[in-house]
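Colleague: Here it is: the structure, laid out below.
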Amino acid sequence: MSVHEQFAEDLALYALGSLEGAQRHALEKHLDGCAPCRRELELLRGDLSLLALTTAGPKPPARARQRLMSAIADEPRLPVAPASERQQRSWWSARGWPAVRWAAVLALVVVAIGLLRRNSTLQRDLAWQREQFTDQGSRLEQANEVVKTLLDPDAQKIELVAAGNKPQPRGKAIYQRRNRNLIFFASNLPPLPAKKIYELWLFPANGSAPIAAGLFKPDARGSATVVNPPLPESVEAKNFVVTLEPESGSHESPRGTPVIVGLGE
Amino acid sequence: MKIGVPSAGPNAMTSDLALVTASRSGDQGAMTALYDRYSSIVYSVALRVLQDTGAAEDVLQDIFMQLWRNPGAFDATRGNMAAWLAVIARNRAIDALRRRRPENNDIEDVVVSVEHDLASEADRSRTMDKVRGALQAMPAPQRSALEMAYFEGLTHSEIAGKTGEPLGTVKTRIRSGLLTLRRVLAA
């Protein structure tokens, strides 16, 4: 029997731990029922172990040895007596200690060792979880800084246009349908006339009525931001439009004139 | 993975077996002897992968503590301890590099099949000379793909992204590299 050629390259990647997703799953399924491929996998792993052994680096520092010895001393294990000795003891115990007492002591020792090992495993898991938590906390902090900068009204927002051109009103909508997240930035908007307000609209892809996505007033430089207005679930957007609307009255459908219109990406 | 090394030298194998058996009985001196014999291999492999002495020391500590807790994980009658520890060190170092949980919490799940004599330092040295020679003789892209996968823990798609080569080419290079190694060692 020989290795199935269609799995040969994947076997090498699997031995390296480099095979992912569906290919990995398919190979594992095949390995369950294919002894030649399992044998080839062991051989590949053997080849790879030789690759590992080619590394030649410095010896570990003396402190590493000391650290291990201390850890071992802190975690002593009870010796397991050879079978012959165990037989002698049980002969003796039949005349001395009641066998049941020995059994109880042994059971306690076994439980204690089990608990020690479990404790050690939990400690390692906890350390790993802490590390992950710290890492995620750090990423979250970075993300918060980005969002704070983007949304800070005091942050300078300077738009660059072709030299000699007058800046035109423009907007950018970033919309994630799955989580109903919408971030909208506008710049160079004209100052609002009296009793007027700008309104952002989401135009659904299915052609249904536009959905109000937030009223806003620009700052003195014509900049404005709308973040996560209330939106219905799973609406695919065809476009976004900003209109100029009366400040008072209903805002359920656009009545004013469009000021900026999306390109409908 | 299991290690099957029927040709390993009897003295060194007996010695490893004796030390593992003594460790199983709680003999700290036996564990110290195993550490003195194999810590350089474990540390070298971990350092090659991690490029960080502190992180390599952590891997070294972790592996020998697991061996202390569960010396039965290594089946000395069927395998070679140097190769087994080298593979475990590589796997643990890659896990640390990628900051992921060890795929196998217990070292006993690792089985390696090596058909070369690695029992003594002299045997190992001879075999390693052959492996290094084979690596040097490989075309550079083949050697590089193999080393990126093995020592950097990159997936084939990551290697393809890094080198700008098609996935199929990367796969073929890795397999060809391994086959070349085997061919050279069998000669």
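Here's how to read the names in the structure tokens: chain A, B, ... by the order shown, residue numbers from 1 in each chain, ligand numbers from 1 in the order shown.
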Please return, as a PyMOL selection string, all residues of chain A lying within 9 Å of chain B when only C-alpha atoms are considered.
Modeller: chain A and resi 8-13+16-20+39+41-61+64-65+67-69+71-73+75-81+117+121+125+128+131-132
Colleague: Within range 14-211 of chain A, find each residue whose DSSP state, derived from the backbone, is alpha helix (DSSP H), and express the selection as a PyMOL selection string.
Modeller: chain A and resi 14-16+21-32+35-53+62-74+83-95+99-151
Colleague: Need to verify the contact set: Asn181 in chain A, 10 Å, only C-alpha atoms, exclusion of same-chain residues closer than 6 positions in sequence. Can you return it as an MDAnalysis selection string?
Modeller: chainID A and resid 174:175 227:231
Colleague: To one decimal place in Å, what is the distance between CA of Gln23 in chain A and CA of Phe7 in chain A?
Modeller: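 Spanning CA of Gln23 in chain A to CA of Phe7 in chain A is a straight-line distance of 9.6 Å.
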